[in-house]
Amino acid sequence: RQKKRQKKQELLSQSNHTRNINMWALAGAVAKTAVAPLDRTKIIFQVSSARFSAKEAYRLIYRTYLKDGFFSLWRGNSATMVRVIPYAAIQFCAHEQYKRLLGGFYGFQGAALPPVPRLMAGSMAGITASMLTYPLDMVRARMAVTPKEMYSNILHVFVRISREEGVKTLYRGFNPTILGVVPYAGLSFFTYETLKKLHAERSGRPQPYSYERLAFGACAGLIGQSASYPLDVVRRRMQTAGVTGHTYGTILSTMKEIVAEEGVIRGLYKGLSMNWVKGPMAVGISFTTFDLTQILLKKLDNATRLNSSK
């Protein structure tokens, strides 16, 4: 009887964990869709030599709307939607597994990990998710900087790149992505977990409120993105080399070329301020969606229990 009870508890725990992952994936999809026009604008600036400013970004969005229509601002977002669910699921599952493995290795099983293993767990989770979903990120970048006539849909991008540039091209820019994931995912998870730990110590509450999670997530995202941003610019340049007419070799040579042509700040950090705008927006929408979905599912669960007890 005790074994049956334990098994039931394990199944319930797994079910809750799966549901949380699905809710985070949904929240991520809603947030990405909301900020997709800003993200597309940022990518276009990242891969060109045009100087970035808020005024120029607005002009680009307005010109795109006049020329190609309102929904063209979301071009490439379909690839993001296809990618965001497996990416979120893999990242969160991997993060939990790596935390458990490192906790056992360092003797912190069931307790909060110290800073270095916490950073390692976040970095490895990000690398695992990026590795398995990278071709979709490549497709998203190509669609963002090209007209519909060149690539009509996700499948067309895959087919055309494979035929004209080779299958290996789908992983072009993968090295800066992995190098960028280490500071981005590592610092994001590290900052978030650290803020949660400090909050628990100061407030005496094991879990923060929703608005506190929102603030922690926004801080974590901004720090992670800012630290890895130059590698993000390099990644986008490499991903779109086949359609922009440039040839980029190694990470270092790409950085040197960008710095020589545009300078350090205007080149390697081009569009970072756009991230500072859309980052908190995306985190806010993501956490709000997650909380609202959680409330809705709880109401549905309660309604189901009431019906089954009648």
# chains A, B, ... in the order shown; residues from 1 in each chain; ligands from 1

call {"tool": "closest_atom_pairs", "arguments": {"of": "region 105-213 of chain A", "to": "region 236-245 of chain A", "cutoff": "9 Å", "atoms": "only C-alpha atoms", "output": "tab-separated table"}}
result
residue	atom	partner	partner_atom	distance
A:Asp137	CA	A:Gln239	CA	8.9
A:Met138	CA	A:Gln239	CA	5.9
A:Val139	CA	A:Gln239	CA	8.6
A:Ala141	CA	A:Thr240	CA	6.8
A:Arg142	CA	A:Thr240	CA	5.8
A:Val145	CA	A:Thr240	CA	7.8
A:Thr146	CA	A:Val243	CA	7.7
A:Ile161	CA	A:Gly242	CA	8.8
A:Glu165	CA	A:Gly242	CA	7.8
A:Thr169	CA	A:Gln239	CA	8.0
A:Leu170	CA	A:Gln239	CA	8.1
A:Tyr171	CA	A:Gln239	CA	8.2
A:Arg172	CA	A:Gln239	CA	5.7
A:Gly173	CA	A:Met238	CA	5.1
A:Phe174	CA	A:Gln239	CA	8.7

call {"tool": "closest_atom_pairs", "arguments": {"of": "region 153-194 of chain A", "to": "region 107-131 of chain A", "cutoff": "7 Å", "atoms": "only C-alpha atoms", "output": "tab-separated table"}}
result
residue	atom	partner	partner_atom	distance
A:Ile178	CA	A:Ile127	CA	6.0
A:Val181	CA	A:Gly126	CA	5.9
A:Val182	CA	A:Ser123	CA	4.6
A:Ala185	CA	A:Ser123	CA	5.1
A:Gly186	CA	A:Ser123	CA	4.1
A:Leu187	CA	A:Leu119	CA	6.5
A:Phe189	CA	A:Gly122	CA	5.2
A:Phe190	CA	A:Leu119	CA	5.1

call {"tool": "write_last_selection", "arguments": {"atoms": "N, CA and C atoms", "output": "tab-separated table (two decimals), in the first residue's frame"}}
result
chain	number	residue	atom	x	y	z
A	178	ILE	N	27.02	28.75	-28.95
A	178	ILE	CA	27.38	27.95	-27.76
A	178	ILE	C	28.21	28.78	-26.79
A	181	VAL	N	25.84	31.14	-25.16
A	181	VAL	CA	24.90	30.49	-24.25
A	181	VAL	C	25.49	30.37	-22.85
A	182	VAL	N	26.80	30.13	-22.77
A	182	VAL	CA	27.45	29.94	-21.46
A	182	VAL	C	27.25	31.17	-20.56
A	185	ALA	N	22.83	31.89	-20.55
A	185	ALA	CA	22.03	30.97	-19.73
A	185	ALA	C	22.63	30.82	-18.33
A	186	GLY	N	23.96	30.74	-18.28
A	186	GLY	CA	24.62	30.59	-16.98
A	186	GLY	C	24.33	31.75	-16.05
A	187	LEU	N	24.54	32.98	-16.55
A	187	LEU	CA	24.30	34.18	-15.71
A	187	LEU	C	22.81	34.39	-15.43
A	189	PHE	N	20.31	32.03	-15.15
A	189	PHE	CA	19.89	31.10	-14.10
A	189	PHE	C	20.58	31.41	-12.78
A	190	PHE	N	21.87	31.74	-12.87
A	190	PHE	CA	22.65	32.07	-11.66
A	190	PHE	C	22.05	33.28	-10.94

call {"tool": "closest_residue", "arguments": {"among": "A:Leu198, A:Val84, A:Leu306, A:Ile43", "to": "Tyr229 (chain A)", "atoms": "only C-alpha atoms"}}
result
A:Ile43

call {"tool": "closest_residue", "arguments": {"among": "A:Ser78, A:Thr194, A:Thr33, A:Asn275", "to": "Ser226 (chain A)", "atoms": "only C-alpha atoms"}}
result
A:Asn275

call {"tool": "residues_around", "arguments": {"residues": "Gly76 (chain A)", "least_positions_apart": "3", "cutoff": "7 Å", "atoms": "only C-alpha atoms", "output": "VMD selection string"}}
result
chain A and resid 79 to 80 140 143 to 144

call {"tool": "write_last_selection", "arguments": {"atoms": "all heavy atoms", "output": "short mmCIF file (atom, residue, chain, number, x, y, z; two decimals), in the first residue's frame"}}
result
data_model
loop_
_atom_site.label_atom_id
_atom_site.label_comp_id
_atom_site.auth_asym_id
_atom_site.auth_seq_id
_atom_site.Cartn_x
_atom_site.Cartn_y
_atom_site.Cartn_z
N ALA A 79 9.03 30.29 -37.14
CA ALA A 79 10.17 29.43 -36.77
C ALA A 79 10.46 29.52 -35.27
O ALA A 79 10.80 28.53 -34.62
CB ALA A 79 11.41 29.82 -37.57
N THR A 80 10.29 30.73 -34.72
CA THR A 80 10.46 30.92 -33.28
C THR A 80 9.43 30.12 -32.50
O THR A 80 9.74 29.50 -31.49
CB THR A 80 10.33 32.42 -32.91
OG1 THR A 80 11.27 33.16 -33.69
CG2 THR A 80 10.60 32.66 -31.44
N ARG A 140 14.96 31.22 -38.53
CA ARG A 140 14.33 32.44 -38.05
C ARG A 140 15.11 33.68 -38.51
O ARG A 140 14.54 34.67 -38.97
CB ARG A 140 14.26 32.40 -36.51
CG ARG A 140 13.36 33.49 -35.89
CD ARG A 140 14.12 34.72 -35.49
NE ARG A 140 13.26 35.74 -34.92
CZ ARG A 140 12.52 36.60 -35.61
NH1 ARG A 140 12.49 36.52 -36.92
NH2 ARG A 140 11.80 37.53 -35.02
N MET A 143 14.73 34.22 -42.39
CA MET A 143 13.41 34.75 -42.74
C MET A 143 13.26 36.21 -42.32
O MET A 143 12.58 36.99 -42.98
CB MET A 143 12.31 33.89 -42.09
CG MET A 143 12.18 32.51 -42.70
SD MET A 143 10.84 31.54 -41.95
CE MET A 143 9.41 32.20 -42.79
N ALA A 144 13.91 36.57 -41.21
CA ALA A 144 13.80 37.95 -40.69
C ALA A 144 14.41 38.98 -41.62
O ALA A 144 13.92 40.11 -41.71
CB ALA A 144 14.47 38.03 -39.32
#

call {"tool": "residues_around", "arguments": {"residues": "Gly180 (chain A)", "least_positions_apart": "3", "cutoff": "9 Å", "atoms": "only C-alpha atoms", "output": "ChimeraX atom specification"}}
result
/A:175-177,183-185,225,227-232,235

call {"tool": "atom_distance", "arguments": {"atom1": "CA of Val82 (chain A)", "atom2": "CA of Thr133 (chain A)"}}
result
9.4 Å

call {"tool": "residues_around", "arguments": {"residues": "Ile265 (chain A)", "least_positions_apart": "3", "cutoff": "12 Å", "atoms": "only C-alpha atoms", "output": "PyMOL selection string"}}
result
chain A and resi 51-52+229-230+233+255+258-262+268-273

call {"tool": "residues_around", "arguments": {"residues": "Arg160 (chain A)", "least_positions_apart": "6", "cutoff": "10 Å", "atoms": "only C-alpha atoms", "output": "number ranges by chain"}}
result
A: 150-151, 166-167

call {"tool": "atom_distance", "arguments": {"atom1": "CA of Gly221 (chain A)", "atom2": "CA of Ala29 (chain A)"}}
result
16.1 Å

call {"tool": "residues_around", "arguments": {"residues": "Met281 (chain A)", "least_positions_apart": "3", "cutoff": "10 Å", "atoms": "only C-alpha atoms", "output": "count of residues only"}}
result
12

call {"tool": "select_by_dssp", "arguments": {"residues": "region 242-273 of chain A", "states": "helix (DSSP H, G or I)", "output": "number ranges by chain"}}
result
A: 242-244, 251-262, 264-268, 272-273
